[in-house]
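**Q** File coords-v4.cif below, mmCIF, C-alpha atoms (C1' of nucleotides):
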```
data_my_file
loop_
_atom_site.label_atom_id
_atom_site.label_comp_id
_atom_site.auth_asym_id
_atom_site.auth_seq_id
_atom_site.Cartn_x
_atom_site.Cartn_y
_atom_site.Cartn_z
CA MET A 940 15.80 23.43 -12.08
CA PRO A 941 14.01 21.88 -9.18
CA GLU A 942 11.58 20.13 -11.57
CA LYS A 943 14.45 18.05 -12.98
CA ARG A 944 15.10 16.75 -9.51
CA GLU A 945 11.42 16.02 -9.04
CA PHE A 946 11.26 14.25 -12.39
CA MET A 947 14.14 11.93 -11.49
CA ASN A 948 12.54 11.07 -8.20
CA ARG A 949 9.15 10.42 -9.73
CA PHE A 950 10.75 8.18 -12.32
CA LEU A 951 12.64 6.18 -9.78
CA VAL A 952 9.65 5.65 -7.51
CA GLU A 953 6.71 5.45 -9.91
CA ILE A 954 7.72 4.48 -13.42
CA PHE A 955 9.28 1.26 -12.24
CA ASN A 956 5.92 0.11 -11.02
CA ASP A 957 4.53 0.90 -14.46
CA ILE A 958 7.31 -1.15 -16.02
CA LEU A 959 6.33 -4.23 -14.06
CA ARG A 960 2.64 -3.68 -14.73
CA THR A 961 3.11 -3.12 -18.47
CA GLU A 962 5.44 -6.06 -18.69
CA GLU A 963 2.79 -8.30 -17.18
CA LYS A 964 0.09 -6.92 -19.45
CA CYS A 965 2.19 -7.42 -22.57
CA LEU A 966 2.92 -10.98 -21.55
CA ALA A 967 -0.78 -11.60 -21.08
CA GLU A 968 -1.47 -10.27 -24.58
CA CYS A 969 1.27 -12.57 -25.86
CA GLY A 970 -0.61 -15.62 -24.56
CA TYR A 971 1.16 -15.91 -21.20
CA GLY A 972 -1.83 -14.85 -19.14
CA ASN A 973 -1.14 -17.58 -16.62
CA LEU A 974 2.30 -16.15 -15.77
CA SER A 975 2.94 -13.38 -13.26
CA ILE A 976 6.04 -11.20 -13.50
CA ARG A 977 7.49 -12.96 -10.51
CA GLU A 978 6.99 -16.33 -12.15
CA LEU A 979 8.51 -15.06 -15.37
CA HIS A 980 11.58 -13.89 -13.50
CA VAL A 981 11.93 -17.35 -11.99
CA ILE A 982 11.84 -18.85 -15.49
CA GLU A 983 14.35 -16.24 -16.65
CA ALA A 984 16.72 -17.12 -13.79
CA VAL A 985 16.40 -20.83 -14.56
CA CYS A 986 17.22 -20.25 -18.23
CA LEU A 987 20.21 -18.12 -17.26
CA GLY A 988 21.36 -20.67 -14.70
CA THR A 989 20.93 -23.61 -17.03
CA ALA A 990 23.19 -21.92 -19.58
CA ASN A 991 26.16 -21.90 -17.22
CA GLY A 992 25.42 -24.96 -15.08
CA HIS A 993 24.27 -22.97 -12.03
CA ASN A 994 20.72 -24.23 -11.95
CA THR A 995 20.35 -25.93 -8.57
CA VAL A 996 17.58 -24.82 -6.22
CA GLY A 997 20.16 -22.99 -4.12
CA ASP A 998 21.73 -21.27 -7.13
CA ILE A 999 18.46 -19.97 -8.50
CA ALA A 1000 17.19 -18.91 -5.08
CA ALA A 1001 20.41 -16.92 -4.47
CA LEU A 1002 20.17 -15.34 -7.93
CA LEU A 1003 16.62 -14.23 -7.18
CA GLY A 1004 17.42 -13.24 -3.59
CA VAL A 1005 14.87 -15.51 -1.92
CA VAL A 1006 15.21 -18.39 0.53
CA PRO A 1007 15.26 -21.88 -0.96
CA GLY A 1008 11.85 -22.79 0.44
CA THR A 1009 10.32 -19.89 -1.45
CA LEU A 1010 11.77 -21.15 -4.69
CA THR A 1011 10.52 -24.67 -4.00
CA THR A 1012 6.92 -23.48 -3.88
CA ALA A 1013 7.39 -21.34 -6.99
CA VAL A 1014 8.84 -24.31 -8.89
CA ASN A 1015 5.97 -26.51 -7.72
CA ILE A 1016 3.53 -24.19 -9.46
CA LEU A 1017 5.66 -23.67 -12.58
CA GLU A 1018 6.18 -27.41 -12.93
CA LYS A 1019 2.41 -27.89 -12.79
CA LYS A 1020 2.04 -25.15 -15.44
CA ASN A 1021 4.60 -26.97 -17.59
CA TYR A 1022 7.24 -24.22 -17.78
CA LEU A 1023 9.92 -25.93 -15.64
CA ILE A 1024 11.01 -29.45 -14.75
CA ARG A 1025 13.01 -30.81 -11.83
CA GLU A 1026 15.80 -33.36 -12.17
CA LYS A 1027 17.89 -34.98 -9.44
CA ASP A 1028 21.63 -34.58 -9.93
CA THR A 1029 23.08 -38.02 -10.68
CA ALA A 1030 26.41 -37.39 -8.94
CA ASP A 1031 25.03 -35.81 -5.74
CA LYS A 1032 21.50 -36.93 -5.10
CA ARG A 1033 20.81 -34.16 -2.60
CA ILE A 1034 20.94 -31.64 -5.42
CA VAL A 1035 17.88 -30.84 -7.50
CA ARG A 1036 18.47 -29.12 -10.82
CA ILE A 1037 15.80 -27.05 -12.51
CA PHE A 1038 15.41 -26.83 -16.28
CA PRO A 1039 13.05 -24.92 -18.55
CA THR A 1040 10.68 -26.96 -20.71
CA PRO A 1041 10.35 -25.95 -24.39
CA GLU A 1042 7.38 -23.85 -23.23
CA GLY A 1043 9.59 -22.22 -20.61
CA MET A 1044 12.29 -21.45 -23.16
CA LYS A 1045 9.75 -19.89 -25.48
CA ALA A 1046 8.31 -17.71 -22.72
CA ASN A 1047 11.81 -16.55 -21.83
CA ALA A 1048 12.63 -15.76 -25.47
CA ASP A 1049 9.45 -13.71 -25.87
CA HIS A 1050 10.23 -11.88 -22.67
CA SER A 1051 13.78 -11.09 -23.83
CA ASN A 1052 12.30 -9.71 -27.00
CA PHE A 1053 10.15 -7.35 -24.96
CA HIS A 1054 13.24 -6.02 -23.20
CA ALA A 1055 15.10 -5.65 -26.50
CA GLN A 1056 12.28 -3.43 -27.78
CA MET A 1057 12.50 -1.36 -24.63
CA ILE A 1058 16.23 -0.82 -25.13
CA ASP A 1059 15.64 0.00 -28.81
CA THR A 1060 13.19 2.71 -27.83
CA ILE A 1061 15.71 4.28 -25.47
CA GLN A 1062 18.58 4.07 -27.93
CA GLU A 1063 16.58 5.53 -30.77
CA ALA A 1064 15.80 8.55 -28.64
CA LEU A 1065 19.45 9.24 -27.80
CA THR A 1066 22.62 10.04 -29.73
CA LEU A 1067 25.64 7.86 -29.11
CA ASP A 1068 27.16 10.45 -26.75
CA GLU A 1069 23.91 10.68 -24.87
CA GLN A 1070 23.72 6.93 -24.57
CA ILE A 1071 27.10 6.93 -22.87
CA VAL A 1072 25.94 9.58 -20.41
CA PHE A 1073 22.83 7.56 -19.67
CA VAL A 1074 24.85 4.45 -18.90
CA LYS A 1075 27.12 6.50 -16.63
CA ALA A 1076 24.11 7.86 -14.76
CA LEU A 1077 22.63 4.42 -14.33
CA GLY A 1078 25.98 3.35 -12.93
CA SER A 1079 25.80 5.98 -10.21
CA VAL A 1080 22.31 4.86 -9.28
CA ALA A 1081 23.62 1.33 -8.98
CA ASP A 1082 26.53 2.61 -6.86
CA PHE A 1083 24.16 4.32 -4.49
CA PHE A 1084 22.49 1.02 -3.81
CA ASN A 1085 25.64 -1.04 -3.65
CA ASN A 1086 27.55 1.26 -1.25
CA LYS A 1087 24.88 1.49 1.42
CA LYS A 1088 26.66 4.00 3.62
CA HIS A 1089 23.55 6.17 3.55
CA LEU A 1090 20.78 6.85 6.03
CA MET B 1290 29.20 -1.59 -27.97
CA PRO B 1291 26.92 -4.47 -27.26
CA GLU B 1292 27.87 -4.32 -23.56
CA LYS B 1293 26.23 -0.90 -23.26
CA ARG B 1294 22.99 -2.42 -24.43
CA GLU B 1295 23.42 -5.28 -22.00
CA PHE B 1296 24.16 -2.86 -19.15
CA MET B 1297 20.97 -0.89 -19.77
CA ASN B 1298 18.93 -4.04 -19.82
CA ARG B 1299 20.50 -5.42 -16.68
CA PHE B 1300 19.85 -2.14 -14.92
CA LEU B 1301 16.23 -2.04 -15.93
CA VAL B 1302 15.53 -5.63 -14.89
CA GLU B 1303 17.78 -6.16 -11.88
CA ILE B 1304 18.71 -2.96 -10.13
CA PHE B 1305 15.09 -2.14 -9.54
CA ASN B 1306 14.79 -5.12 -7.25
CA ASP B 1307 17.90 -3.94 -5.42
CA ILE B 1308 16.33 -0.52 -4.98
CA LEU B 1309 13.29 -1.95 -3.26
CA ARG B 1310 15.39 -4.29 -1.15
CA THR B 1311 17.82 -1.56 -0.07
CA GLU B 1312 14.97 0.81 0.61
CA GLU B 1313 13.38 -1.70 2.94
CA LYS B 1314 16.66 -2.43 4.70
CA CYS B 1315 17.38 1.27 5.23
CA LEU B 1316 13.94 1.80 6.66
CA ALA B 1317 14.47 -1.11 9.04
CA GLU B 1318 17.75 0.48 10.22
CA CYS B 1319 15.83 3.73 10.71
CA GLY B 1320 13.48 2.08 13.19
CA TYR B 1321 10.69 1.19 10.76
CA GLY B 1322 11.31 -2.53 10.89
CA ASN B 1323 7.59 -3.19 11.07
CA LEU B 1324 6.94 -1.52 7.70
CA SER B 1325 7.28 -3.21 4.32
CA ILE B 1326 7.97 -1.21 1.16
CA ARG B 1327 4.44 -1.80 0.05
CA GLU B 1328 3.08 -0.45 3.33
CA LEU B 1329 5.38 2.53 3.11
CA HIS B 1330 4.08 3.33 -0.35
CA VAL B 1331 0.54 3.22 0.98
CA ILE B 1332 1.51 5.73 3.66
CA GLU B 1333 3.23 7.86 1.01
CA ALA B 1334 0.10 7.84 -1.17
CA VAL B 1335 -2.08 8.80 1.82
CA CYS B 1336 0.21 11.72 2.69
CA LEU B 1337 0.16 12.86 -0.94
CA GLY B 1338 -3.60 12.46 -1.16
CA THR B 1339 -4.27 14.23 2.11
CA ALA B 1340 -2.32 17.25 0.86
CA ASN B 1341 -4.72 17.83 -2.04
CA GLY B 1342 -7.95 16.42 -0.61
CA HIS B 1343 -7.87 13.21 -2.66
CA ASN B 1344 -7.60 10.83 0.24
CA THR B 1345 -10.68 8.62 -0.01
CA VAL B 1346 -10.27 4.85 -0.22
CA GLY B 1347 -11.04 4.98 -3.94
CA ASP B 1348 -8.57 7.82 -4.57
CA ILE B 1349 -5.68 6.13 -2.82
CA ALA B 1350 -6.46 2.74 -4.39
CA ALA B 1351 -6.46 4.31 -7.86
CA LEU B 1352 -3.21 6.14 -7.12
CA LEU B 1353 -1.58 2.88 -6.11
CA GLY B 1354 -3.23 0.90 -8.93
CA VAL B 1355 -4.98 -1.66 -6.72
CA VAL B 1356 -8.64 -2.53 -6.21
CA PRO B 1357 -10.39 -0.87 -3.24
CA GLY B 1358 -10.66 -4.11 -1.31
CA THR B 1359 -6.91 -4.49 -1.38
CA LEU B 1360 -6.45 -1.05 0.13
CA THR B 1361 -9.01 -1.78 2.83
CA THR B 1362 -6.96 -4.69 4.14
CA ALA B 1363 -3.74 -2.67 3.92
CA VAL B 1364 -5.32 0.18 5.89
CA ASN B 1365 -6.63 -2.28 8.48
CA ILE B 1366 -3.06 -3.33 9.23
CA LEU B 1367 -1.60 0.20 9.10
CA GLU B 1368 -4.34 1.48 11.40
CA LYS B 1369 -3.46 -1.25 13.89
CA LYS B 1370 0.23 -0.27 13.57
CA ASN B 1371 -0.74 3.35 14.24
CA TYR B 1372 0.47 4.89 10.97
CA LEU B 1373 -2.95 5.74 9.51
CA ILE B 1374 -6.43 6.57 10.72
CA ARG B 1375 -9.84 6.32 9.07
CA GLU B 1376 -12.48 9.03 9.23
CA LYS B 1377 -15.98 9.04 7.78
CA ASP B 1378 -16.72 12.01 5.53
CA THR B 1379 -19.33 14.18 7.28
CA ALA B 1380 -21.04 15.34 4.08
CA ASP B 1381 -21.25 11.94 2.35
CA LYS B 1382 -21.22 9.13 4.86
CA ARG B 1383 -20.38 6.48 2.26
CA ILE B 1384 -16.94 8.00 1.88
CA VAL B 1385 -14.08 7.02 4.15
CA ARG B 1386 -11.07 9.32 4.25
CA ILE B 1387 -7.66 8.13 5.28
CA PHE B 1388 -5.14 10.29 7.13
CA PRO B 1389 -1.61 9.74 8.36
CA THR B 1390 -1.01 9.81 12.10
CA PRO B 1391 1.99 11.82 13.36
CA GLU B 1392 3.89 8.52 13.19
CA GLY B 1393 2.80 8.10 9.60
CA MET B 1394 3.93 11.60 8.70
CA LYS B 1395 7.31 11.01 10.26
CA ALA B 1396 7.79 7.73 8.40
CA ASN B 1397 6.92 9.48 5.15
CA ALA B 1398 9.35 12.32 5.85
CA ASP B 1399 12.19 9.89 6.58
CA HIS B 1400 11.38 8.01 3.42
CA SER B 1401 11.43 11.21 1.35
CA ASN B 1402 14.81 11.96 2.81
CA PHE B 1403 16.08 8.61 1.58
CA HIS B 1404 14.98 9.45 -1.94
CA ALA B 1405 16.56 12.90 -1.73
CA GLN B 1406 19.89 11.28 -0.91
CA MET B 1407 19.49 8.97 -3.87
CA ILE B 1408 18.93 11.92 -6.20
CA ASP B 1409 21.89 13.74 -4.64
CA THR B 1410 24.15 10.81 -5.43
CA ILE B 1411 23.07 10.80 -9.06
CA GLN B 1412 23.40 14.56 -9.46
CA GLU B 1413 26.82 14.65 -7.86
CA ALA B 1414 28.05 12.10 -10.38
CA LEU B 1415 26.85 14.11 -13.39
CA THR B 1416 27.52 17.53 -14.88
CA LEU B 1417 24.55 19.78 -15.55
CA ASP B 1418 24.55 18.85 -19.23
CA GLU B 1419 24.69 15.19 -18.38
CA GLN B 1420 21.81 15.57 -15.95
CA ILE B 1421 19.69 16.96 -18.78
CA VAL B 1422 20.57 13.99 -20.98
CA PHE B 1423 19.69 11.61 -18.18
CA VAL B 1424 16.28 13.18 -17.71
CA LYS B 1425 15.68 13.00 -21.46
CA ALA B 1426 16.59 9.30 -21.47
CA LEU B 1427 14.27 8.61 -18.55
CA GLY B 1428 11.56 10.36 -20.51
CA SER B 1429 11.95 7.94 -23.41
CA VAL B 1430 11.73 4.98 -21.05
CA ALA B 1431 8.52 6.44 -19.68
CA ASP B 1432 7.25 6.95 -23.24
CA PHE B 1433 7.89 3.33 -24.08
CA PHE B 1434 5.61 2.31 -21.27
CA ASN B 1435 2.95 4.91 -21.87
CA ASN B 1436 2.60 4.23 -25.63
CA LYS B 1437 2.08 0.52 -25.36
CA LYS B 1438 1.86 -0.19 -29.08
CA HIS B 1439 4.66 -2.75 -28.69
CA LEU B 1440 4.68 -6.54 -28.70
"C1'" DA C 435 -42.62 9.33 -0.09
"C1'" DT C 436 -40.94 5.05 -1.76
"C1'" DC C 437 -38.41 2.27 -4.81
"C1'" DC C 438 -34.56 1.73 -7.86
"C1'" DT C 439 -30.03 2.78 -9.36
"C1'" DT C 440 -25.63 4.25 -8.61
"C1'" DT C 441 -21.63 4.90 -5.83
"C1'" DA C 442 -18.26 3.84 -1.94
"C1'" DT C 443 -16.47 0.71 0.91
"C1'" DT C 444 -15.99 -3.69 3.25
"C1'" DT C 445 -16.25 -8.58 3.49
"C1'" DT C 446 -15.48 -13.15 1.74
"C1'" DG C 447 -13.07 -16.77 -0.44
"C1'" DA C 448 -9.23 -18.11 -2.85
"C1'" DA C 449 -4.54 -17.96 -4.81
"C1'" DT C 450 0.27 -16.34 -4.55
"C1'" DT C 451 4.30 -14.99 -2.33
"C1'" DT C 452 7.15 -14.88 1.28
"C1'" DC C 453 9.88 -16.21 5.44
"C1'" DA C 454 11.71 -18.81 9.53
"C1'" DA C 455 12.32 -22.92 11.38
"C1'" DA C 456 11.72 -27.98 11.52
"C1'" DA C 457 12.10 -32.18 8.97
"C1'" DT C 458 14.18 -35.14 5.51
"C1'" DA C 459 17.75 -37.00 2.75
"C1'" DA C 460 22.37 -37.50 1.11
"C1'" DT C 461 27.25 -36.60 1.43
"C1'" DT C 462 31.61 -35.89 3.83
"C1'" DA C 463 34.64 -36.02 7.73
"C1'" DT C 464 36.15 -37.88 11.95
"C1'" DA D 1459 30.19 -46.14 11.74
"C1'" DT D 1460 28.80 -42.11 13.65
"C1'" DA D 1461 28.66 -37.20 13.56
"C1'" DA D 1462 28.52 -33.05 11.16
"C1'" DT D 1463 27.46 -30.65 7.11
"C1'" DT D 1464 24.85 -29.55 3.03
"C1'" DA D 1465 20.65 -29.38 -0.09
"C1'" DT D 1466 16.07 -29.40 -0.43
"C1'" DT D 1467 11.32 -29.78 1.08
"C1'" DT D 1468 7.71 -29.26 4.35
"C1'" DT D 1469 5.18 -26.73 7.76
"C1'" DG D 1470 2.99 -22.89 9.76
"C1'" DA D 1471 2.07 -18.30 9.53
"C1'" DA D 1472 1.57 -13.63 7.69
"C1'" DA D 1473 1.03 -10.40 3.62
"C1'" DT D 1474 -0.70 -9.27 -0.64
"C1'" DT D 1475 -3.72 -9.53 -4.11
"C1'" DC D 1476 -8.04 -10.06 -6.83
"C1'" DA D 1477 -12.97 -10.91 -8.16
"C1'" DA D 1478 -17.27 -10.96 -6.70
"C1'" DA D 1479 -20.86 -10.62 -3.12
"C1'" DA D 1480 -22.58 -7.89 0.63
"C1'" DT D 1481 -23.48 -3.61 2.96
"C1'" DA D 1482 -24.50 1.15 3.36
"C1'" DA D 1483 -25.57 5.67 1.81
"C1'" DA D 1484 -26.94 9.01 -1.71
"C1'" DG D 1485 -29.65 10.56 -5.67
"C1'" DG D 1486 -33.26 10.17 -9.03
"C1'" DA D 1487 -37.75 8.66 -10.87
"C1'" DT D 1488 -42.25 7.97 -10.52
#
```
Can you dump the structure from the file as structure tokens?
**A**
Amino acid sequence: MPEKREFMNRFLVEIFNDILRTEEKCLAECGYGNLSIRELHVIEAVCLGTANGHNTVGDIAALLGVVPGTLTTAVNILEKKNYLIREKDTADKRIVRIFPTPEGMKANADHSNFHAQMIDTIQEALTLDEQIVFVKALGSVADFFNNKKHL
Amino acid sequence: MPEKREFMNRFLVEIFNDILRTEEKCLAECGYGNLSIRELHVIEAVCLGTANGHNTVGDIAALLGVVPGTLTTAVNILEKKNYLIREKDTADKRIVRIFPTPEGMKANADHSNFHAQMIDTIQEALTLDEQIVFVKALGSVADFFNNKKHL
DNA sequence: ATCCTTTATTTTGAATTTCAAAATAATTAT
DNA sequence: ATAATTATTTTGAAATTCAAAATAAAGGAT
């Protein structure tokens, strides 16, 4: 079945681009037309970080895999758009903590909902046994990228 | 099993970024340090398009999902880097066709090889039955994004 | 045959995203 | 107190992207 192989490859190189594109389009339809996917992922990381106290500029930058300066410019824009706010840490005044505004929290909640629907669609299409196989397969994809002993 | 659900979601939102990052790093180690993932995908699309005669600026732009002007600037850079060349169509002189140079073809071949290894890793981790389930699951993810009646 | 419309691409102007490296500010250690 | 370290921002530069205007060529209408 060489077409199975081809299908996997096509999925892994193409469909992911569609995911990002569709995600952005859905957000736009939801009234978040002024947010790009990248910006949304910054908001998502800030919400995640705020929940467990890891919401400094350095924390969020590391979580997103960008240098701190990159995050600074992103936060500048998202602060202007009223999705995030900055606050100096009272104990250590070098540290800047980032928090979502109510608007930011709402955007994140709506985005989570989108992902939940995506997972629902997948789960509905699979039996419980099949779901387990799918998770196992995803694990081996993740392994491939974590153990970079290739090429 | 709520953690299965969570794992799927994490994969679909996070691992994708790792894929692109790892891909870029592997290419750099392969001697393509002057090529970004985006640029590589342009080269890939040109190689694909050249194979079936759909290699005009408009064709490649549509394949990549960007406006023609965006592709023009990308090709400007990749022509300078010697991975692509432009050629005016002789029959219709409005049309510009884009071809890979030998360098471009080699980069594309090395990139394909990377993907082949990725697929190998997945297939080695799964039985034949499991591979079929995996493909089916990927299909339902694709469906979710093609039938965008959600949100 | 000439003018108008359509089509294909490029150019322009602007915004975003990114990084590396320098600058700034605050804390900790000597 | 001064030096070293740490956290963040600023700066300068390159990529990436789009929308819309400009250019160029082809095709059709009168």
**Q** May I have chain A as a CSV table (one decimal) with C-alpha atoms, in the frame of the given file, after a least-squares superposition on chain B that uses all C-alpha atoms paired in order?
**A**
```csv
chain,number,residue,atom,x,y,z
A,940,MET,CA,29.2,-1.4,-27.9
A,941,PRO,CA,27.0,-4.4,-27.2
A,942,GLU,CA,27.9,-4.2,-23.5
A,943,LYS,CA,26.2,-0.8,-23.2
A,944,ARG,CA,23.0,-2.4,-24.4
A,945,GLU,CA,23.5,-5.3,-21.9
A,946,PHE,CA,24.2,-2.8,-19.1
A,947,MET,CA,21.0,-0.9,-19.7
A,948,ASN,CA,19.0,-4.1,-19.8
A,949,ARG,CA,20.6,-5.4,-16.6
A,950,PHE,CA,19.9,-2.1,-14.9
A,951,LEU,CA,16.3,-2.1,-15.9
A,952,VAL,CA,15.6,-5.6,-14.8
A,953,GLU,CA,17.8,-6.2,-11.8
A,954,ILE,CA,18.8,-3.0,-10.1
A,955,PHE,CA,15.3,-2.0,-9.5
A,956,ASN,CA,14.9,-5.0,-7.4
A,957,ASP,CA,17.9,-3.9,-5.4
A,958,ILE,CA,16.4,-0.5,-5.0
A,959,LEU,CA,13.3,-1.9,-3.3
A,960,ARG,CA,15.4,-4.3,-1.2
A,961,THR,CA,17.8,-1.6,-0.1
A,962,GLU,CA,15.0,0.8,0.6
A,963,GLU,CA,13.4,-1.7,2.9
A,964,LYS,CA,16.6,-2.5,4.7
A,965,CYS,CA,17.4,1.2,5.2
A,966,LEU,CA,13.9,1.7,6.6
A,967,ALA,CA,14.4,-1.2,9.0
A,968,GLU,CA,17.7,0.4,10.2
A,969,CYS,CA,15.8,3.7,10.7
A,970,GLY,CA,13.5,2.0,13.2
A,971,TYR,CA,10.7,1.1,10.7
A,972,GLY,CA,11.3,-2.6,10.8
A,973,ASN,CA,7.6,-3.3,11.0
A,974,LEU,CA,6.9,-1.6,7.6
A,975,SER,CA,7.3,-3.3,4.3
A,976,ILE,CA,8.0,-1.2,1.1
A,977,ARG,CA,4.4,-1.8,0.0
A,978,GLU,CA,3.1,-0.5,3.3
A,979,LEU,CA,5.4,2.5,3.1
A,980,HIS,CA,4.1,3.3,-0.4
A,981,VAL,CA,0.5,3.2,1.0
A,982,ILE,CA,1.5,5.7,3.6
A,983,GLU,CA,3.3,7.8,1.0
A,984,ALA,CA,0.1,7.8,-1.2
A,985,VAL,CA,-2.0,8.8,1.8
A,986,CYS,CA,0.2,11.7,2.7
A,987,LEU,CA,0.2,12.9,-0.9
A,988,GLY,CA,-3.5,12.5,-1.2
A,989,THR,CA,-4.2,14.2,2.1
A,990,ALA,CA,-2.2,17.3,0.9
A,991,ASN,CA,-4.6,17.9,-2.0
A,992,GLY,CA,-7.9,16.5,-0.6
A,993,HIS,CA,-7.8,13.3,-2.6
A,994,ASN,CA,-7.6,10.9,0.2
A,995,THR,CA,-10.7,8.7,0.0
A,996,VAL,CA,-10.3,4.9,-0.2
A,997,GLY,CA,-11.0,5.1,-3.9
A,998,ASP,CA,-8.5,7.9,-4.6
A,999,ILE,CA,-5.7,6.1,-2.8
A,1000,ALA,CA,-6.5,2.8,-4.4
A,1001,ALA,CA,-6.5,4.4,-7.9
A,1002,LEU,CA,-3.2,6.2,-7.2
A,1003,LEU,CA,-1.6,2.9,-6.1
A,1004,GLY,CA,-3.2,0.9,-8.9
A,1005,VAL,CA,-5.0,-1.6,-6.7
A,1006,VAL,CA,-8.7,-2.5,-6.2
A,1007,PRO,CA,-10.4,-0.8,-3.3
A,1008,GLY,CA,-10.7,-4.0,-1.3
A,1009,THR,CA,-6.9,-4.4,-1.4
A,1010,LEU,CA,-6.5,-1.0,0.1
A,1011,THR,CA,-9.0,-1.7,2.8
A,1012,THR,CA,-7.0,-4.7,4.1
A,1013,ALA,CA,-3.8,-2.7,3.9
A,1014,VAL,CA,-5.3,0.2,5.9
A,1015,ASN,CA,-6.6,-2.3,8.4
A,1016,ILE,CA,-3.1,-3.3,9.2
A,1017,LEU,CA,-1.6,0.2,9.1
A,1018,GLU,CA,-4.3,1.5,11.4
A,1019,LYS,CA,-3.5,-1.3,13.8
A,1020,LYS,CA,0.2,-0.3,13.5
A,1021,ASN,CA,-0.7,3.3,14.2
A,1022,TYR,CA,0.5,4.9,11.0
A,1023,LEU,CA,-2.9,5.7,9.5
A,1024,ILE,CA,-6.4,6.6,10.7
A,1025,ARG,CA,-9.8,6.4,9.0
A,1026,GLU,CA,-12.4,9.1,9.2
A,1027,LYS,CA,-15.9,9.1,7.7
A,1028,ASP,CA,-16.6,12.1,5.5
A,1029,THR,CA,-19.2,14.3,7.3
A,1030,ALA,CA,-20.9,15.4,4.0
A,1031,ASP,CA,-21.2,12.0,2.3
A,1032,LYS,CA,-21.2,9.3,4.8
A,1033,ARG,CA,-20.4,6.6,2.3
A,1034,ILE,CA,-16.9,8.1,1.9
A,1035,VAL,CA,-14.0,7.1,4.1
A,1036,ARG,CA,-11.0,9.4,4.2
A,1037,ILE,CA,-7.6,8.2,5.3
A,1038,PHE,CA,-5.1,10.3,7.1
A,1039,PRO,CA,-1.6,9.7,8.3
A,1040,THR,CA,-1.0,9.8,12.1
A,1041,PRO,CA,2.0,11.8,13.4
A,1042,GLU,CA,3.9,8.5,13.2
A,1043,GLY,CA,2.8,8.1,9.6
A,1044,MET,CA,3.9,11.6,8.7
A,1045,LYS,CA,7.3,11.0,10.3
A,1046,ALA,CA,7.8,7.7,8.4
A,1047,ASN,CA,6.9,9.4,5.2
A,1048,ALA,CA,9.4,12.3,5.9
A,1049,ASP,CA,12.2,9.9,6.6
A,1050,HIS,CA,11.4,8.0,3.4
A,1051,SER,CA,11.4,11.2,1.4
A,1052,ASN,CA,14.8,11.9,2.8
A,1053,PHE,CA,16.1,8.6,1.6
A,1054,HIS,CA,15.0,9.4,-1.9
A,1055,ALA,CA,16.5,12.9,-1.7
A,1056,GLN,CA,19.9,11.3,-0.9
A,1057,MET,CA,19.5,9.0,-3.9
A,1058,ILE,CA,18.9,11.9,-6.2
A,1059,ASP,CA,21.9,13.8,-4.6
A,1060,THR,CA,24.1,10.9,-5.4
A,1061,ILE,CA,23.0,10.8,-9.0
A,1062,GLN,CA,23.3,14.6,-9.4
A,1063,GLU,CA,26.7,14.7,-7.9
A,1064,ALA,CA,28.0,12.2,-10.4
A,1065,LEU,CA,26.7,14.2,-13.4
A,1066,THR,CA,27.4,17.6,-14.9
A,1067,LEU,CA,24.4,19.8,-15.5
A,1068,ASP,CA,24.4,18.9,-19.2
A,1069,GLU,CA,24.6,15.3,-18.4
A,1070,GLN,CA,21.7,15.6,-15.9
A,1071,ILE,CA,19.5,17.0,-18.7
A,1072,VAL,CA,20.4,14.0,-20.9
A,1073,PHE,CA,19.6,11.6,-18.1
A,1074,VAL,CA,16.2,13.2,-17.7
A,1075,LYS,CA,15.6,13.0,-21.4
A,1076,ALA,CA,16.5,9.3,-21.4
A,1077,LEU,CA,14.2,8.5,-18.5
A,1078,GLY,CA,11.5,10.3,-20.4
A,1079,SER,CA,11.9,7.9,-23.3
A,1080,VAL,CA,11.7,4.9,-21.0
A,1081,ALA,CA,8.5,6.3,-19.6
A,1082,ASP,CA,7.2,6.8,-23.1
A,1083,PHE,CA,7.9,3.2,-24.0
A,1084,PHE,CA,5.6,2.1,-21.2
A,1085,ASN,CA,2.9,4.7,-21.8
A,1086,ASN,CA,2.5,4.1,-25.5
A,1087,LYS,CA,2.1,0.4,-25.4
A,1088,LYS,CA,2.0,-0.3,-29.1
A,1089,HIS,CA,4.7,-2.9,-28.6
A,1090,LEU,CA,4.7,-6.7,-28.6
```
**Q** Any chance you could work out the residue set of the PyMOL selection byres ((chain C) within 10 of (chain B)) here, as a PyMOL selection string?
**A** chain C and resi 441-445
**Q** How many Å lie between atom CA of B:Arg1386 and atom C1' of C:DT446, rounded to one decimal?
**A**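 Taking atom CA of B:Arg1386 as the start and atom C1' of C:DT446 as the end point, the length is 23.0 Å.
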**Q** Could you work out which residues of chain A fall inside 8 Å of chain B? Count all atoms listed in the file, and format the result as number ranges by chain.
**A** A: 943-944, 946-948, 950, 954-955, 957-958, 961, 965, 969, 1053-1058, 1060-1061, 1064-1065, 1069, 1071-1074, 1076-1077, 1079-1081, 1083-1084, 1087, 1089-1090
**Q** I need the chain D residues near chain A as an NGL selection string; criterion: at most 10 Å, counting all atoms listed in the file.
**A** :D and (1464-1468)
**Q** Using the chain letters and numbers from this file, what does the PyMOL selection byres ((chain C and resi 448) around 12) select? Give the answer as an mmCIF file with C-alpha atoms (C1' of nucleotides), in the coordinates of the input.
**A**
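To be explicit, this is the file written out as result32.cif:
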```
data_model
loop_
_atom_site.group_PDB
_atom_site.id
_atom_site.type_symbol
_atom_site.label_atom_id
_atom_site.label_comp_id
_atom_site.auth_asym_id
_atom_site.auth_seq_id
_atom_site.Cartn_x
_atom_site.Cartn_y
_atom_site.Cartn_z
ATOM 1 C "C1'" DT C 446 -15.480 -13.150 1.740
ATOM 2 C "C1'" DG C 447 -13.070 -16.770 -0.440
ATOM 3 C "C1'" DA C 449 -4.540 -17.960 -4.810
ATOM 4 C "C1'" DT C 450 0.270 -16.340 -4.550
ATOM 5 C "C1'" DT D 1475 -3.720 -9.530 -4.110
ATOM 6 C "C1'" DC D 1476 -8.040 -10.060 -6.830
ATOM 7 C "C1'" DA D 1477 -12.970 -10.910 -8.160
ATOM 8 C "C1'" DA D 1478 -17.270 -10.960 -6.700
#
```
